[in-house]
file target19.pdb (PDB, C-alpha atoms)
ATOM      1  CA  VAL A   1      21.334  16.842  11.109
ATOM      2  CA  ILE A   2      21.801  13.711   9.007
ATOM      3  CA  MET A   3      22.931  10.630  10.937
ATOM      4  CA  PRO A   4      25.946   8.637   9.739
ATOM      5  CA  PRO A   5      25.051   5.222   8.194
ATOM      6  CA  HIS A   6      25.894   3.053  11.243
ATOM      7  CA  LEU A   7      23.821   5.262  13.559
ATOM      8  CA  ARG A   8      20.991   5.341  11.019
ATOM      9  CA  LYS A   9      20.895   1.522  10.984
ATOM     10  CA  LEU A  10      20.805   1.435  14.788
ATOM     11  CA  ALA A  11      17.976   4.009  14.922
ATOM     12  CA  LEU A  12      16.064   2.134  12.225
ATOM     13  CA  THR A  13      16.443  -1.161  14.127
ATOM     14  CA  ALA A  14      15.144   0.493  17.315
ATOM     15  CA  HIS A  15      12.185   2.001  15.436
ATOM     16  CA  VAL A  16      11.231  -1.254  13.679
ATOM     17  CA  ALA A  17      11.605  -3.279  16.905
ATOM     18  CA  SER A  18       9.457  -0.910  18.981
ATOM     19  CA  SER A  19       6.803  -0.378  16.299
ATOM     20  CA  VAL A  20       6.423  -4.042  15.352
ATOM     21  CA  GLY A  21       6.632  -4.943  19.058
ATOM     22  CA  TRP A  22       3.725  -2.556  19.715
ATOM     23  CA  LEU A  23       1.740  -4.204  16.903
ATOM     24  CA  GLY A  24       2.418  -7.656  18.386
ATOM     25  CA  ALA A  25       1.473  -6.499  21.888
ATOM     26  CA  VAL A  26      -1.841  -5.158  20.581
ATOM     27  CA  GLY A  27      -2.389  -8.570  18.954
ATOM     28  CA  ALA A  28      -1.893 -10.177  22.378
ATOM     29  CA  PHE A  29      -4.448  -7.754  23.863
ATOM     30  CA  LEU A  30      -6.907  -8.715  21.141
ATOM     31  CA  ALA A  31      -6.457 -12.356  22.165
ATOM     32  CA  LEU A  32      -6.977 -11.441  25.847
ATOM     33  CA  ALA A  33     -10.132  -9.524  24.919
ATOM     34  CA  VAL A  34     -11.512 -12.555  23.041
ATOM     35  CA  VAL A  35     -10.650 -14.835  25.995
ATOM     36  CA  GLY A  36     -12.376 -12.417  28.384
ATOM     37  CA  LEU A  37     -15.544 -12.428  26.293
ATOM     38  CA  THR A  38     -15.728 -16.111  25.414
ATOM     39  CA  SER A  39     -14.136 -18.171  28.208
ATOM     40  CA  GLN A  40     -16.493 -20.210  30.364
ATOM     41  CA  ASP A  41     -14.033 -20.271  33.272
ATOM     42  CA  ALA A  42     -14.722 -17.434  35.747
ATOM     43  CA  GLN A  43     -11.116 -17.177  36.963
ATOM     44  CA  THR A  44      -9.836 -16.971  33.395
ATOM     45  CA  VAL A  45     -12.310 -14.196  32.554
ATOM     46  CA  ARG A  46     -11.441 -12.188  35.676
ATOM     47  CA  GLY A  47      -7.735 -12.833  35.136
ATOM     48  CA  ALA A  48      -7.898 -11.588  31.545
ATOM     49  CA  TYR A  49      -9.304  -8.202  32.579
ATOM     50  CA  ARG A  50      -7.029  -7.888  35.627
ATOM     51  CA  VAL A  51      -3.851  -8.537  33.641
ATOM     52  CA  MET A  52      -4.692  -5.923  30.987
ATOM     53  CA  GLU A  53      -3.904  -2.862  33.120
ATOM     54  CA  PRO A  54      -0.362  -3.807  34.282
ATOM     55  CA  SER A  55       0.450  -5.243  30.851
ATOM     56  CA  ALA A  56      -0.615  -1.992  29.231
ATOM     57  CA  TRP A  57       1.526   0.081  31.616
ATOM     58  CA  PHE A  58       4.584  -2.163  31.260
ATOM     59  CA  VAL A  59       4.342  -3.072  27.568
ATOM     60  CA  LEU A  60       1.922  -0.987  25.466
ATOM     61  CA  VAL A  61       2.738   2.465  26.872
ATOM     62  CA  PRO A  62       6.573   2.082  26.754
ATOM     63  CA  LEU A  63       6.396   0.621  23.238
ATOM     64  CA  ALA A  64       4.107   3.429  22.061
ATOM     65  CA  PHE A  65       6.511   6.093  23.332
ATOM     66  CA  ALA A  66       9.541   4.183  22.043
ATOM     67  CA  SER A  67       7.931   3.951  18.605
ATOM     68  CA  LEU A  68       7.115   7.678  18.640
ATOM     69  CA  LEU A  69      10.570   8.786  19.814
ATOM     70  CA  THR A  70      12.546   6.475  17.524
ATOM     71  CA  GLY A  71      10.279   7.544  14.647
ATOM     72  CA  LEU A  72      11.060  11.200  15.339
ATOM     73  CA  VAL A  73      14.801  10.419  15.459
ATOM     74  CA  GLN A  74      14.522   8.370  12.268
ATOM     75  CA  SER A  75      12.720  11.085  10.325
ATOM     76  CA  LEU A  76      14.670  14.099  11.604
ATOM     77  CA  GLY A  77      18.027  12.326  11.327
ATOM     78  CA  THR A  78      17.594  11.269   7.710
ATOM     79  CA  THR A  79      16.788  13.001   4.441
ATOM     80  CA  TRP A  80      13.122  11.953   4.765
ATOM     81  CA  GLY A  81      12.299  14.737   7.241
ATOM     82  CA  LEU A  82       9.198  14.866   9.436
ATOM     83  CA  PHE A  83       6.898  17.038   7.322
ATOM     84  CA  SER A  84       8.317  16.566   3.826
ATOM     85  CA  HIS A  85       6.679  13.296   2.776
ATOM     86  CA  TYR A  86       3.016  12.400   3.151
ATOM     87  CA  TRP A  87       3.744   8.827   4.283
ATOM     88  CA  VAL A  88       5.942  10.050   7.155
ATOM     89  CA  LEU A  89       3.329  12.636   8.137
ATOM     90  CA  PHE A  90       0.533  10.028   8.141
ATOM     91  CA  LYS A  91       2.666   7.670  10.243
ATOM     92  CA  LEU A  92       3.292  10.449  12.748
ATOM     93  CA  LEU A  93      -0.434  11.232  12.960
ATOM     94  CA  ILE A  94      -1.316   7.539  13.387
ATOM     95  CA  ASN A  95       1.294   7.192  16.139
ATOM     96  CA  LEU A  96       0.100  10.318  17.963
ATOM     97  CA  VAL A  97      -3.587   9.352  17.760
ATOM     98  CA  ALA A  98      -2.905   5.779  18.925
ATOM     99  CA  THR A  99      -0.726   6.969  21.829
ATOM    100  CA  VAL A 100      -3.240   9.586  23.033
ATOM    101  CA  VAL A 101      -6.144   7.098  22.825
ATOM    102  CA  LEU A 102      -4.046   4.511  24.699
ATOM    103  CA  LEU A 103      -3.214   6.956  27.502
ATOM    104  CA  THR A 104      -6.848   8.015  27.915
ATOM    105  CA  TYR A 105      -7.891   4.350  27.796
ATOM    106  CA  MET A 106      -5.707   3.511  30.828
ATOM    107  CA  GLU A 107      -8.553   4.706  33.052
ATOM    108  CA  THR A 108     -10.827   2.112  31.429
ATOM    109  CA  PHE A 109      -8.219  -0.623  32.002
ATOM    110  CA  SER A 110      -8.106   0.395  35.662
ATOM    111  CA  PHE A 111     -11.914   0.354  35.939
ATOM    112  CA  MET A 112     -12.182  -3.099  34.328
ATOM    113  CA  ALA A 113      -9.446  -4.473  36.621
ATOM    114  CA  ARG A 114     -11.330  -3.195  39.697
ATOM    115  CA  VAL A 115     -14.610  -4.781  38.550
ATOM    116  CA  ALA A 116     -12.821  -8.074  37.763
ATOM    117  CA  ALA A 117     -11.173  -8.070  41.209
ATOM    118  CA  ASP A 118     -14.504  -7.577  42.949
ATOM    119  CA  PRO A 119     -15.784 -11.043  43.972
ATOM    120  CA  SER A 120     -19.356  -9.771  44.276
ATOM    121  CA  ALA A 121     -19.397  -8.519  40.668
ATOM    122  CA  ASP A 122     -21.340 -10.738  38.307
ATOM    123  CA  LEU A 123     -19.318 -12.362  35.504
ATOM    124  CA  GLY A 124     -21.535 -10.589  32.969
ATOM    125  CA  ASP A 125     -20.450  -7.282  34.515
ATOM    126  CA  VAL A 126     -16.788  -8.274  34.291
ATOM    127  CA  ARG A 127     -16.992  -9.127  30.592
ATOM    128  CA  ASN A 128     -16.490  -6.039  28.447
ATOM    129  CA  VAL A 129     -16.621  -5.538  24.678
ATOM    130  CA  SER A 130     -14.575  -2.339  24.811
ATOM    131  CA  PRO A 131     -11.038  -3.870  24.779
ATOM    132  CA  LEU A 132     -11.950  -5.957  21.721
ATOM    133  CA  LEU A 133     -13.158  -2.883  19.795
ATOM    134  CA  HIS A 134     -10.176  -0.754  20.819
ATOM    135  CA  ALA A 135      -7.595  -3.483  20.175
ATOM    136  CA  ALA A 136      -9.084  -4.204  16.726
ATOM    137  CA  ALA A 137      -9.014  -0.498  15.830
ATOM    138  CA  ALA A 138      -5.439  -0.139  17.130
ATOM    139  CA  LEU A 139      -4.333  -3.211  15.186
ATOM    140  CA  LEU A 140      -5.801  -1.754  11.985
ATOM    141  CA  LEU A 141      -4.111   1.633  12.549
ATOM    142  CA  LEU A 142      -0.721   0.093  13.321
ATOM    143  CA  LEU A 143      -0.990  -2.216  10.306
ATOM    144  CA  ILE A 144      -1.630   0.815   8.088
ATOM    145  CA  ALA A 145       1.448   2.498   9.614
ATOM    146  CA  THR A 146       3.523  -0.623   8.909
ATOM    147  CA  ILE A 147       2.318  -0.768   5.301
ATOM    148  CA  LEU A 148       3.190   2.931   4.839
ATOM    149  CA  ALA A 149       6.669   2.316   6.283
ATOM    150  CA  VAL A 150       7.336  -0.627   3.965
ATOM    151  CA  TYR A 151       5.864   0.753   0.696
ATOM    152  CA  LYS A 152       6.778   4.431   1.270
ATOM    153  CA  PRO A 153       4.244   5.689  -1.305
ATOM    154  CA  ARG A 154       5.433   8.732  -3.230
ATOM    155  CA  GLY A 155       4.210  12.234  -2.593
ATOM    156  CA  MET A 156       5.825  15.321  -1.121
ATOM    157  CA  THR A 157       4.008  17.921   0.904
ATOM    158  CA  ARG A 158       4.094  21.565  -0.167
ATOM    159  CA  TYR A 159       6.713  22.162   2.560
ATOM    160  CA  GLY A 160       8.756  19.212   1.324
ATOM    161  CA  ARG A 161       8.673  20.406  -2.291
ATOM    162  CA  ARG A 162       9.777  23.893  -1.223
ATOM    163  CA  ARG A 163      12.645  22.446   0.833
ATOM    164  CA  HIS A 164      13.651  20.205  -2.045
ATOM    165  CA  GLU A 165      13.734  23.160  -4.449
ATOM    166  CA  GLN A 166      15.835  25.214  -1.999
ATOM    167  CA  ARG A 167      18.324  22.364  -1.686
ATOM    168  CA  THR A 168      18.521  21.974  -5.443
ATOM    169  CA  VAL A 169      19.301  25.693  -5.777
ATOM    170  CA  LEU A 170      21.937  25.563  -3.020
ATOM    171  CA  MET A 171      23.523  22.317  -4.206
ATOM    172  CA  PRO A 172      23.042  22.056  -7.970
TER     173      PRO A 172
ATOM    174  CA  MET B   1       2.508   0.922  -7.592
ATOM    175  CA  PRO B   2       1.480   3.217 -10.451
ATOM    176  CA  GLU B   3      -1.795   4.053  -8.703
ATOM    177  CA  ASN B   4       0.043   5.467  -5.693
ATOM    178  CA  ASP B   5       2.316   7.531  -7.865
ATOM    179  CA  ALA B   6      -0.559   9.232  -9.636
ATOM    180  CA  GLN B   7      -0.346  12.968  -9.072
ATOM    181  CA  THR B   8      -3.203  15.359  -9.576
ATOM    182  CA  PRO B   9      -2.436  18.701 -11.280
ATOM    183  CA  GLY B  10      -2.227  20.350  -7.832
ATOM    184  CA  GLY B  11       0.592  17.978  -6.878
ATOM    185  CA  THR B  12      -1.200  15.936  -4.223
ATOM    186  CA  PRO B  13      -1.101  12.180  -4.918
ATOM    187  CA  ARG B  14      -4.415  10.343  -5.217
ATOM    188  CA  TRP B  15      -3.612   7.999  -2.304
ATOM    189  CA  VAL B  16      -3.178  11.011   0.007
ATOM    190  CA  LYS B  17      -6.611  12.326  -0.972
ATOM    191  CA  VAL B  18      -8.190   8.898  -0.374
ATOM    192  CA  PHE B  19      -6.421   8.630   3.004
ATOM    193  CA  GLY B  20      -7.527  12.127   3.944
ATOM    194  CA  ILE B  21     -11.177  11.484   3.043
ATOM    195  CA  VAL B  22     -11.237   8.154   4.938
ATOM    196  CA  ALA B  23      -9.588   9.774   7.991
ATOM    197  CA  LEU B  24     -12.109  12.646   7.894
ATOM    198  CA  VAL B  25     -15.045  10.214   7.695
ATOM    199  CA  VAL B  26     -13.671   8.210  10.651
ATOM    200  CA  VAL B  27     -13.177  11.379  12.727
ATOM    201  CA  VAL B  28     -16.727  12.583  11.936
ATOM    202  CA  VAL B  29     -18.198   9.167  12.853
ATOM    203  CA  VAL B  30     -16.281   9.094  16.164
ATOM    204  CA  VAL B  31     -17.324  12.672  17.025
ATOM    205  CA  VAL B  32     -20.979  11.927  16.187
ATOM    206  CA  MET B  33     -20.837   8.763  18.330
ATOM    207  CA  LEU B  34     -19.344  10.718  21.235
ATOM    208  CA  ILE B  35     -21.957  13.479  20.921
ATOM    209  CA  THR B  36     -24.900  11.085  20.672
ATOM    210  CA  GLY B  37     -23.546   9.006  23.547
ATOM    211  CA  ARG B  38     -23.170   5.783  21.542
ATOM    212  CA  GLY B  39     -19.405   5.884  21.959
ATOM    213  CA  ASP B  40     -19.401   7.338  25.452
ATOM    214  CA  HIS B  41     -16.052   6.535  27.027
ATOM    215  CA  ASP B  42     -17.410   6.140  30.515
ATOM    216  CA  PRO B  43     -15.488   2.948  31.311
ATOM    217  CA  GLY B  44     -18.626   1.021  32.240
ATOM    218  CA  ARG B  45     -20.544   1.736  29.049
ATOM    219  CA  HIS B  46     -19.370  -1.319  27.194
ATOM    220  CA  THR B  47     -19.969  -3.942  29.857
ATOM    221  CA  VAL B  48     -21.923  -6.929  28.645
ATOM    222  CA  SER B  49     -24.722  -6.895  31.173
ATOM    223  CA  GLY B  50     -25.262  -3.157  31.490
ATOM    224  CA  ASP B  51     -26.106  -1.109  34.522
ATOM    225  CA  SER B  52     -25.867  -3.699  37.303
ATOM    226  CA  ARG B  53     -22.049  -3.532  37.175
ATOM    227  CA  ALA B  54     -22.144  -0.034  38.650
ATOM    228  CA  THR B  55     -24.240  -1.251  41.556
ATOM    229  CA  ALA B  56     -21.741  -4.017  42.320
ATOM    230  CA  LEU B  57     -18.713  -1.724  42.100
ATOM    231  CA  PHE B  58     -20.159   1.149  44.063
ATOM    232  CA  ALA B  59     -21.375  -1.215  46.786
ATOM    233  CA  VAL B  60     -17.733  -2.212  47.288
ATOM    234  CA  VAL B  61     -16.493   1.383  47.144
ATOM    235  CA  ARG B  62     -18.982   2.477  49.801
ATOM    236  CA  GLN B  63     -17.815  -0.195  52.264
ATOM    237  CA  PRO B  64     -15.548   1.227  55.014
TER     238      PRO B  64
END
call {"tool": "encode", "arguments": {"input": "target19.pdb", "output": "structure tokens"}}
result
Amino acid sequence: VIMPPHLRKLALTAHVASSVGWLGAVGAFLALAVVGLTSQDAQTVRGAYRVMEPSAWFVLVPLAFASLLTGLVQSLGTTWGLFSHYWVLFKLLINLVATVVLLTYMETFSFMARVAADPSADLGDVRNVSPLLHAAAALLLLLIATILAVYKPRGMTRYGRRRHEQRTVLMP
Amino acid sequence: MPENDAQTPGGTPRWVKVFGIVALVVVVVVVVMLITGRGDHDPGRHTVSGDSRATALFAVVRQP
């Protein structure tokens, strides 16, 4: 099903907004991770790790799913298709990997928030390198996805080439 | 981007092969790290000061 132009624009706007929003939110998490590791103020350090969990639930997770869903709509509702072009396929894989890692990482956010909320926990125990590593990796992945979306490098999959040939035969 | 457009005789662009190889290397590194325990995703593994964090947390958990 190919979407009409006005609907395609709306779907594209939703996909760009959610995907770039996700990228920006990960950038904010990277900043929080740096603050948590480097700040000399105990309340700031504890606050940084405590705010990560609710922020992830209310911002990162919805944006990840919004990006995935709008991406599926965008690819299936246009001539690009989901499995026809390598750049679309790579974007889908990046999105799926990032979303699955994020969902499994929610347990870690919860753990870090509990340690940060514990007044008897030493500040060295509250500080954690993990969010910095994960946010940096996520930022890199989402940047690659953005570059793929903008440049759309050529290359059709075997499935895409077959589909293209069938269409050419049906509609010469 | 002429480099990206380059197709090998089999039809797969060069950039796809490079992407595939890099992705495979990353997956292998992550799997090796998980197996050897270096990338263990136990939430407390990455804490700055190590094992004492567990003591502090579990002391709180044990309290009635």
call {"tool": "interface_residues", "arguments": {"input": "target19.pdb", "of": "chain A", "to": "chain B", "cutoff": "6 Å", "atoms": "all atoms listed in the file", "output": "PDB file with C-alpha atoms, keeping the file's coordinate frame"}}
result
ATOM      1  CA  THR A 108     -10.827   2.112  31.429  1.00  0.00           C
ATOM      2  CA  ALA A 121     -19.397  -8.519  40.668  1.00  0.00           C
ATOM      3  CA  GLY A 124     -21.535 -10.589  32.969  1.00  0.00           C
ATOM      4  CA  ASP A 125     -20.450  -7.282  34.515  1.00  0.00           C
ATOM      5  CA  ARG A 127     -16.992  -9.127  30.592  1.00  0.00           C
ATOM      6  CA  ASN A 128     -16.490  -6.039  28.447  1.00  0.00           C
ATOM      7  CA  VAL A 129     -16.621  -5.538  24.678  1.00  0.00           C
ATOM      8  CA  SER A 130     -14.575  -2.339  24.811  1.00  0.00           C
ATOM      9  CA  ARG A 154       5.433   8.732  -3.230  1.00  0.00           C
ATOM     10  CA  GLY A 155       4.210  12.234  -2.593  1.00  0.00           C
TER      11      GLY A 155
END
call {"tool": "residues_near_point", "arguments": {"input": "target19.pdb", "point": "(-6.0, -11.6, 20.4)", "cutoff": "12 Å", "atoms": "all atoms listed in the file", "output": "PyMOL selection string"}}
result
chain A and resi 23-38+48+131-136+138-139
call {"tool": "residues_around", "arguments": {"input": "target19.pdb", "residues": "Val101 (chain A)", "least_positions_apart": "2", "cutoff": "12 Å", "atoms": "all atoms listed in the file", "output": "mmCIF file with C-alpha atoms, in the frame of the given file"}}
result
data_model
loop_
_atom_site.group_PDB
_atom_site.id
_atom_site.type_symbol
_atom_site.label_atom_id
_atom_site.label_comp_id
_atom_site.auth_asym_id
_atom_site.auth_seq_id
_atom_site.Cartn_x
_atom_site.Cartn_y
_atom_site.Cartn_z
ATOM 1 C CA LEU A 60 1.922 -0.987 25.466
ATOM 2 C CA VAL A 61 2.738 2.465 26.872
ATOM 3 C CA ALA A 64 4.107 3.429 22.061
ATOM 4 C CA ILE A 94 -1.316 7.539 13.387
ATOM 5 C CA ASN A 95 1.294 7.192 16.139
ATOM 6 C CA LEU A 96 0.100 10.318 17.963
ATOM 7 C CA VAL A 97 -3.587 9.352 17.760
ATOM 8 C CA ALA A 98 -2.905 5.779 18.925
ATOM 9 C CA THR A 99 -0.726 6.969 21.829
ATOM 10 C CA LEU A 103 -3.214 6.956 27.502
ATOM 11 C CA THR A 104 -6.848 8.015 27.915
ATOM 12 C CA TYR A 105 -7.891 4.350 27.796
ATOM 13 C CA MET A 106 -5.707 3.511 30.828
ATOM 14 C CA GLU A 107 -8.553 4.706 33.052
ATOM 15 C CA THR A 108 -10.827 2.112 31.429
ATOM 16 C CA HIS A 134 -10.176 -0.754 20.819
ATOM 17 C CA ALA A 135 -7.595 -3.483 20.175
ATOM 18 C CA ALA A 137 -9.014 -0.498 15.830
ATOM 19 C CA ALA A 138 -5.439 -0.139 17.130
ATOM 20 C CA LEU A 141 -4.111 1.633 12.549
ATOM 21 C CA HIS B 41 -16.052 6.535 27.027
#
call {"tool": "atom_distance", "arguments": {"input": "target19.pdb", "atom1": "CA of Gly47 (chain A)", "atom2": "CA of Ala17 (chain A)"}}
result
28.2 Å
call {"tool": "resolve_selection", "arguments": {"input": "target19.pdb", "expression": "the PyMOL selection byres ((chain A and resi 146) around 12)", "output": "number ranges by chain"}}
result
A: 15-24, 67, 87-88, 90-92, 94-95, 139-145, 147-152
call {"tool": "resolve_selection", "arguments": {"input": "target19.pdb", "expression": "the PyMOL selection byres ((chain A and resi 85) around 10)", "output": "list of chain:residue names"}}
result
A:Ser75, A:Trp80, A:Gly81, A:Leu82, A:Phe83, A:Ser84, A:Tyr86, A:Trp87, A:Val88, A:Leu89, A:Phe90, A:Lys152, A:Pro153, A:Arg154, A:Gly155, A:Met156, A:Thr157, A:Arg158, A:Tyr159, A:Gly160, A:Arg161
call {"tool": "atom_distance", "arguments": {"input": "target19.pdb", "atom1": "CA of Ser39 (chain A)", "atom2": "CA of Ser110 (chain A)"}}
result
20.9 Å
call {"tool": "atom_distance", "arguments": {"input": "target19.pdb", "atom1": "CA of Arg46 (chain A)", "atom2": "CA of Val126 (chain A)"}}
result
6.8 Å
call {"tool": "axis_aligned_box", "arguments": {"input": "target19.pdb", "around": "region 148-166 of chain A", "padding_each_side": "6 Å", "output": "JSON"}}
result
{"center_x": 9.5, "center_y": 12.3, "center_z": 0.9, "size_x": 24.6, "size_y": 37.8, "size_z": 22.7}
